[in-house]
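The structure appears right after this line, and notes come after that.
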Amino acid sequence: MTTTESSDAADRARRLQRVAELLAEAITPQEVLDAILTDGVKAAEARAGAIGVLTEDGENIELLAQRGYDASVMTGWETFPLSAEVPMSEVIRTGEPLFLASVAERNERYPALSEQGQDGHALVVVPLAVEGRVFGGMSLSFDRDIDFEPERREMKLTLARQAAQALARSRLYAAEQTLRERMTFLAEASELLSSSLDYNHTLSQLARLSVPGLADWCTIDIVSPQGEIERLAVAHEDPEKVRWAYELQDRYPPDPDAPTGVPHVLRSGEPEFFPTLPEELLDEAIGDDEELRRIIDELGLKSTICVPLIARGRTLGALTLIAAESHPHYTQADLALALELARRAALAVDNARLFGEAERGANAARALAYVADGVVLLDHDGRVHHWNPAAAAITGVGEDKALGCPVADVVSAWNALTSHVPLVPPGAAARPVTVPIVLEGRERWVSVSGVEFEDGTVYALQDVTEEHALEKTRSDFVATASHELRTPLAAVYGAVRTLRREDVELTSDDRAAFLEMIESEATRLAKIVDQILLAGQLDADAVELELTECDPQQVAAAVLESASVHVPESIDLDLDVDRAVSVRCDENKLRQVLVNLVDNAVKYSPQGGRVELRVRSSNGSCLIEVADEGLGIPSDERDRIFEKFYRLDPQQTQGVGGSGLGLYICRELVERMDGRLSVESEPGKGSRFTVELPLRR
Amino acid sequence: MRVRVEVAQPIRSTPLRRRTVSVGGQRAWRCDARSGTRPNPDSAGRGHANVRGGTARRVLIVDDERSIRMLCRVNLAASGIEVLEAADGRQGLELARKERPDLVLLDVMMPELDGWSVARELAADEETRDIAIVFLTARADPADRRLGEQLGGVGYVVKPFDPVTIGDFVEEVLVRLERGERDQLRRAISSERER
């Protein structure tokens, strides 16, 4: 070995060492490629270098990077087949390095290249392999012809080994990085998808999340309930372009029968993947539309992935990823990611839809649970399919007992309840029928309507017992008022008819009795008419009061005085006054109130007894009490006696007549004079009504 | 309630005439009030039409209203009918059991025992079930008429009514009962409507 040679060797070793250090520092594939193609090429004393790797499908070689070659030479060599009869293809195929001393040798070996790069010299192509697996090749071009000695060959191979290791490591790192990014992306996407049940909104956000990391363009299309394709989202980094894309969509709506693209994916449920978008596909899509060609050219579509959104066997829509101006061509890994993304998105959409349906169902159930009307759903055999809580309350039969059973078995009164209910078809106006039924010993009035539809009959039950009671009160009033009007009228009319009889000689006593009858019954008639009119005026708030200073003791005394004329002998009337007081009120109305209370006291004391009128003052109020020892008022009716038309014993089995208006009128009048009317009572012992009026200061 | 009765009777100067007797019911009352239909003084006045086999008809009037009782008493007596009076349902029932009148003029809204209950008890007792019941009431509701029919009434007179014709009405009811027209009388109660 010569000194020069040994120093050359030492130099090469140093340079190799330097490259090894640089490669060790390089982390990303780009850094590794930079290190190889600058320092590596220099260390190999080459003028230019290039690195190619097998594509994913293993059928092509993709040139990752080059340094030193003229761009014109490299045109057309970005990707070339593994099967090509060119040095790098052969090296990668065989795994054997290739050392060509000159262009002549190259041309001899590869006649196909004899037309190209004729100004070159020596060429070395070494395989890049890790653990015996060739994944690419490195070519080195020199500026002179070189007959490579073993030592120099070994140096190139060492460089190739170092490069291969570093490149493989960096690619692994990059792949890992990508994988991590994808995992992160998927995690983010999943989080996004589960964040909201508004899947339209969520999918739009998902599309936005996908750019620019996953695509230059991301679109999401959904099949509408009507079976139409709806573009749900278009995402691009530039919002201006998104707007433009929507305009484009409007101008060129998707053809549902298109052989490729979203319609095809939606029809077939299969993904569509174009690592490189074939020109002829675009040509076909564009046709003769020059405008469209300009647009497509401007878009610069490179590679697309379109995956269906499928949940439970149903294609809900499609997710499209497009690589255009910045994103690299898509790989199988991208497709896998897109499929996974689509799977998750479809699941989320499906969940959201299911939840929506469940929620609507739950809302309906909730509504049925709280609605005041009983809702009963029966099938054609009369079995209970739905029985809401109101139905349970009205019928007294719980849902647990009713569900699944023939309704007539669980509610014995069912047929009585529904036999007169006309069943109407869906959409027709329900025709409720009000029926009385006895449930658990109580009489209930239930308004029932029924709708008959395809799967059975739905009944709505409404407990109208209260309304019915009110109605009954009214009709009781009509009966009472009718009685109260008709009885004196019968007497007056009958007396006149009898007096005018020519065929009968009446005694003078009878004549006098009939005349008196006419007078008293006419008075009675006038009184009841007055009451009905006054009640009407009170309702209309049309009663005018004349408030003056008055002495309630005098009023009370006068009322007792006139009462004493007509009360039965079994009644003792008493007046008990405290000391002179003065109130501001309408004296006539106060008299009317007291007359009514005293009349009531007498009326409800059929066995006689004491009726006492007391006037006293207490705490700034004047209290006028009317107490009796009569029938009294049951406690549960005590509040209701002041209601209009309310009467104790409306059937009058106790023989106490009245309009049902007296106490209503009394309370209304007292309250209009800023007073209060209250009652205490013990059934069988008597009642005490108290008029409380503010004392005049 | 209007009962159409065809009776061949001389009325005043007209020797033979079909006569309609209307008692009770607003329509009937108005109509009678205008037309002034009266019973014939020769027949009703002396009462011989209401005496059969020498025994006078006996009518129990049960009403808590003194005025109504008096109207019935005076006018029925003018038709030769013997009148019993009770001022409430309880008393009425006792009297009916004791006296067995031919007919009861029965008020509904009364103290102690209402008219419905009296009718029920009379019908439930074998001794009193044949007594004819004519309700005389202020209750004009169709539901009340139906109840009256259900409780076995053979007449339903709504107050106000013309007491002058009550005697003829009672007689007519009794005659038709004797003819076996009980069902027709009963049905007429609820089919009659106030117009």
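Quick note on naming: the chains in the structure tokens go A, B, ... in the order shown, residues restart at 1 in each chain, and ligands are numbered from 1 in order of appearance.
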
Under the rule of at most 7 Å, produce a per-residue listing of chain B near chain A: chain, number, name, the closest pair of atoms, and the distance in Å, as a Markdown table, using only C-alpha atoms.
| residue | atom | partner | partner_atom | distance |
| --- | --- | --- | --- | --- |
| B:Pro41 | CA | A:Asp503 | CA | 4.8 |
| B:Gly45 | CA | A:Asp503 | CA | 5.7 |
| B:Ser67 | CA | A:Ala491 | CA | 5.8 |
| B:Ile68 | CA | A:Ala491 | CA | 6.0 |
| B:Leu71 | CA | A:Gly494 | CA | 6.4 |
| B:Ala78 | CA | A:Val504 | CA | 6.4 |
| B:Met109 | CA | A:Gln652 | CA | 5.6 |
| B:Met110 | CA | A:Gly655 | CA | 5.1 |
| B:Pro111 | CA | A:Gly655 | CA | 3.5 |
| B:Glu112 | CA | A:Thr653 | CA | 5.4 |
| B:Leu113 | CA | A:Thr653 | CA | 5.8 |
| B:Asp114 | CA | A:Thr653 | CA | 5.5 |
| B:Ala138 | CA | A:His483 | CA | 4.8 |
| B:Arg139 | CA | A:Ala479 | CA | 6.2 |
| B:Lys159 | CA | A:Ala490 | CA | 5.5 |
| B:Pro160 | CA | A:Ala490 | CA | 3.8 |
| B:Phe161 | CA | A:Ala490 | CA | 6.2 |
| B:Asp162 | CA | A:Gly494 | CA | 6.0 |
| B:Pro163 | CA | A:Gly494 | CA | 5.6 |
| B:Val164 | CA | A:Thr498 | CA | 6.2 |

Got time to write the residues from that selection, C-alpha atoms, as a short mmCIF file (atom, residue, chain, number, x, y, z; two decimals), in the first residue's frame?
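Generated output (result_9.cif):
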data_model
loop_
_atom_site.label_atom_id
_atom_site.label_comp_id
_atom_site.auth_asym_id
_atom_site.auth_seq_id
_atom_site.Cartn_x
_atom_site.Cartn_y
_atom_site.Cartn_z
CA PRO B 41 -170.31 22.97 36.93
CA GLY B 45 -169.39 20.82 40.96
CA SER B 67 -150.35 26.44 49.68
CA ILE B 68 -150.22 23.49 47.30
CA LEU B 71 -155.15 24.30 46.43
CA ALA B 78 -165.12 20.48 44.67
CA MET B 109 -138.69 17.73 47.02
CA MET B 110 -139.79 17.29 50.60
CA PRO B 111 -138.28 17.09 54.06
CA GLU B 112 -137.62 13.83 55.89
CA LEU B 113 -138.35 11.55 52.96
CA ASP B 114 -138.50 12.75 49.37
CA ALA B 138 -141.54 21.45 40.25
CA ARG B 139 -138.97 19.14 38.70
CA LYS B 159 -145.94 22.87 38.89
CA PRO B 160 -147.37 25.32 38.17
CA PHE B 161 -150.53 23.46 37.26
CA ASP B 162 -154.21 24.25 36.95
CA PRO B 163 -155.81 23.10 40.22
CA VAL B 164 -159.27 23.57 38.76
#

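Near Ala119 (chain B), within 9 Å and counting only C-alpha atoms, sit Leu93, Leu106, Ile133, Gly148, Leu151, Gly152 and Gly153 of chain B, not including residues fewer than 6 positions from it in the same chain.
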
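Note that CA of Leu319 (chain A) and CA of Gly227 (chain A) are 16.9 Å apart.
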
For a quick check of understanding, using only C-alpha atoms, which of A:Ile665, A:Val424, A:Glu340, A:Ala460 has the smallest distance to Leu533 (chain A)? A:Ile665

Among region 217-342 of chain A, which ones does DSSP assign to strand (DSSP E or B) (computed from the backbone)? Answer as a VMD selection string. chain A and resid 217 to 223 229 to 235 272 to 274 303 to 311 314 to 323

Would you save the residues from that selection as a PDB file, in the first residue's frame, using C-alpha atoms?
ATOM      1  CA  TRP A 217     -59.911  18.436   0.688  1.00  0.00           C
ATOM      2  CA  CYS A 218     -62.291  16.444   2.782  1.00  0.00           C
ATOM      3  CA  THR A 219     -65.952  16.044   1.918  1.00  0.00           C
ATOM      4  CA  ILE A 220     -68.734  14.187   3.657  1.00  0.00           C
ATOM      5  CA  ASP A 221     -71.893  13.168   1.886  1.00  0.00           C
ATOM      6  CA  ILE A 222     -74.957  11.715   3.552  1.00  0.00           C
ATOM      7  CA  VAL A 223     -77.868   9.770   2.171  1.00  0.00           C
ATOM      8  CA  ILE A 229     -77.144  12.463  -1.720  1.00  0.00           C
ATOM      9  CA  GLU A 230     -76.576  15.481   0.472  1.00  0.00           C
ATOM     10  CA  ARG A 231     -73.220  17.141   0.755  1.00  0.00           C
ATOM     11  CA  LEU A 232     -72.905  17.609   4.476  1.00  0.00           C
ATOM     12  CA  ALA A 233     -69.473  19.109   4.647  1.00  0.00           C
ATOM     13  CA  VAL A 234     -66.616  20.340   2.522  1.00  0.00           C
ATOM     14  CA  ALA A 235     -63.376  21.252   4.222  1.00  0.00           C
ATOM     15  CA  GLU A 272     -62.752   3.560  -3.744  1.00  0.00           C
ATOM     16  CA  PHE A 273     -59.046   4.287  -3.667  1.00  0.00           C
ATOM     17  CA  PHE A 274     -56.958   6.012  -6.328  1.00  0.00           C
ATOM     18  CA  SER A 303     -55.005  11.023  -5.272  1.00  0.00           C
ATOM     19  CA  THR A 304     -58.359  10.221  -3.654  1.00  0.00           C
ATOM     20  CA  ILE A 305     -59.849   7.936  -1.062  1.00  0.00           C
ATOM     21  CA  CYS A 306     -63.602   7.578  -0.795  1.00  0.00           C
ATOM     22  CA  VAL A 307     -64.895   5.337   1.964  1.00  0.00           C
ATOM     23  CA  PRO A 308     -68.496   4.476   2.836  1.00  0.00           C
ATOM     24  CA  LEU A 309     -69.980   5.267   6.257  1.00  0.00           C
ATOM     25  CA  ILE A 310     -71.630   1.979   7.127  1.00  0.00           C
ATOM     26  CA  ALA A 311     -73.469   1.147  10.331  1.00  0.00           C
ATOM     27  CA  ARG A 314     -76.669   0.393   6.117  1.00  0.00           C
ATOM     28  CA  THR A 315     -74.655   2.876   4.071  1.00  0.00           C
ATOM     29  CA  LEU A 316     -75.285   6.215   5.695  1.00  0.00           C
ATOM     30  CA  GLY A 317     -72.922   8.269   3.576  1.00  0.00           C
ATOM     31  CA  ALA A 318     -69.368   8.609   2.333  1.00  0.00           C
ATOM     32  CA  LEU A 319     -66.158  10.277   3.469  1.00  0.00           C
ATOM     33  CA  THR A 320     -63.872  11.515   0.703  1.00  0.00           C
ATOM     34  CA  LEU A 321     -60.236  12.516   1.165  1.00  0.00           C
ATOM     35  CA  ILE A 322     -58.496  14.297  -1.671  1.00  0.00           C
ATOM     36  CA  ALA A 323     -54.787  14.928  -2.030  1.00  0.00           C
TER      37      ALA A 323
END

Restricting the calculation to only C-alpha atoms, which member of A:Leu186, A:Leu695, A:Val242, A:Leu663 is positioned closest to Cys622 (chain A)? A:Leu695

Contacts of region 630-645 of chain A at 9 Å or less, counting only C-alpha atoms, minus same-chain residues fewer than 2 places along, as a ChimeraX atom specification? /A:473-474,476-478,480,535,601-611,628,647-648,659-668,679-688

Within 12 Å of Val593 (chain A), counting only C-alpha atoms, which residues show up once you throw out same-chain ones fewer than 6 positions away? Write them as a PDB file with C-alpha atoms, in the first residue's frame, please.
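File written: selection-v7.pdb
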ATOM      1  CA  GLN A 531    -131.489  36.986  44.607  1.00  0.00           C
ATOM      2  CA  PRO A 552    -124.866  47.707  63.306  1.00  0.00           C
ATOM      3  CA  VAL A 555    -129.605  47.122  61.952  1.00  0.00           C
ATOM      4  CA  ALA A 556    -129.439  43.874  63.921  1.00  0.00           C
ATOM      5  CA  VAL A 559    -133.686  42.486  61.423  1.00  0.00           C
ATOM      6  CA  CYS A 585    -121.057  50.188  55.322  1.00  0.00           C
ATOM      7  CA  ASP A 586    -124.094  50.035  53.071  1.00  0.00           C
ATOM      8  CA  GLU A 587    -126.876  49.750  55.603  1.00  0.00           C
ATOM      9  CA  ASP A 599    -133.446  33.167  57.715  1.00  0.00           C
ATOM     10  CA  ASN A 600    -130.834  30.468  57.258  1.00  0.00           C
ATOM     11  CA  ILE A 624    -121.905  40.465  64.106  1.00  0.00           C
ATOM     12  CA  GLU A 625    -122.645  36.861  64.912  1.00  0.00           C
ATOM     13  CA  VAL A 626    -125.696  34.842  63.974  1.00  0.00           C
ATOM     14  CA  LEU A 661    -127.321  31.831  46.315  1.00  0.00           C
ATOM     15  CA  GLY A 662    -127.951  33.284  49.773  1.00  0.00           C
ATOM     16  CA  LEU A 663    -124.558  32.697  51.370  1.00  0.00           C
ATOM     17  CA  TYR A 664    -122.757  33.428  48.131  1.00  0.00           C
ATOM     18  CA  ILE A 665    -124.491  36.790  48.032  1.00  0.00           C
ATOM     19  CA  CYS A 666    -123.796  37.410  51.739  1.00  0.00           C
ATOM     20  CA  ARG A 667    -120.083  36.775  51.438  1.00  0.00           C
ATOM     21  CA  GLU A 668    -119.785  38.822  48.258  1.00  0.00           C
ATOM     22  CA  LEU A 669    -121.590  41.772  49.853  1.00  0.00           C
ATOM     23  CA  VAL A 670    -119.597  41.615  53.090  1.00  0.00           C
ATOM     24  CA  GLU A 671    -116.316  41.443  51.217  1.00  0.00           C
ATOM     25  CA  MET A 673    -117.740  46.339  52.362  1.00  0.00           C
ATOM     26  CA  GLY A 675    -115.404  42.798  55.717  1.00  0.00           C
ATOM     27  CA  ARG A 676    -115.215  39.082  56.166  1.00  0.00           C
ATOM     28  CA  LEU A 677    -117.870  36.389  56.524  1.00  0.00           C
ATOM     29  CA  PHE A 689    -121.853  32.836  61.111  1.00  0.00           C
ATOM     30  CA  THR A 690    -119.739  35.894  61.821  1.00  0.00           C
ATOM     31  CA  VAL A 691    -119.761  39.110  59.824  1.00  0.00           C
ATOM     32  CA  GLU A 692    -116.603  41.055  60.541  1.00  0.00           C
TER      33      GLU A 692
END

Skipping near chain neighbours, those fewer than 6 positions away, what residues fall within 10 Å of Arg176 (chain B) using only C-alpha atoms, listed as number ranges by chain? B: 5, 154, 182, 184-185

Can you pull out every residue within 9 Å of Leu100 (chain A), counting only C-alpha atoms, but drop anything in the same chain fewer than 4 positions away, and send it as a PyMOL selection string? chain A and resi 104-106+121-125+145-148

Could you tell me how far CA of Arg360 (chain A) lies from CA of Glu188 (chain A), in Å and to one decimal? 29.0 Å

Return the single residue from A:Leu33, A:Ala362, A:Leu515, A:Ala160 that is closest to Leu16 (chain A), with distances computed using only C-alpha atoms.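 Closest residue, counting only C-alpha atoms: A:Ala160.
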
To test your reading of the structure, identify every residue in region 429-544 of chain A that backbone DSSP assigns to helix (DSSP H, G or I), and report it as a PyMOL selection string. chain A and resi 465-499+508-539

Excluding Val83 (chain B) and its own-chain neighbours fewer than 4 positions away, which residues fall within 10 Å of it when counting only C-alpha atoms? Please give them as a compact mmCIF listing (two decimals) with C-alpha atoms, in the first residue's frame.
# COMPACT_ATOMS: atom_id res chain seq x y z
CA ALA B 56 -166.08 8.65 46.96
CA ARG B 57 -162.58 8.56 45.48
CA ARG B 58 -159.92 9.11 48.14
CA VAL B 59 -156.81 11.07 47.25
CA LEU B 60 -153.79 11.65 49.50
CA ILE B 61 -151.90 14.84 48.85
CA ARG B 69 -152.01 21.24 49.75
CA CYS B 72 -155.50 20.55 45.92
CA ARG B 73 -157.79 20.08 48.89
CA VAL B 74 -160.25 22.79 47.88
CA ASN B 75 -160.34 21.83 44.21
CA LEU B 76 -160.44 18.05 44.70
CA ALA B 77 -163.21 18.46 47.24
CA PRO B 101 -156.19 6.04 49.29
CA LEU B 103 -154.35 7.80 44.50
CA VAL B 104 -151.44 9.81 45.91

Which residue, B:Gly80, B:Asp64, B:Gly180, B:Leu95, has the smallest gap to Ile166 (chain B) when you use only C-alpha atoms?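 Nearest candidate to Ile166 (chain B) out of B:Gly80, B:Asp64, B:Gly180, B:Leu95: B:Gly80.
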
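Atom to atom, CA of Val375 (chain A) and CA of Ile394 (chain A) stand 10.2 Å apart.
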
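Distance annotation: of A:Val598, A:Leu470, A:Leu423, A:Leu63, the residue with the minimal separation from Gly450 (chain A) is A:Leu423; atom set is only C-alpha atoms.
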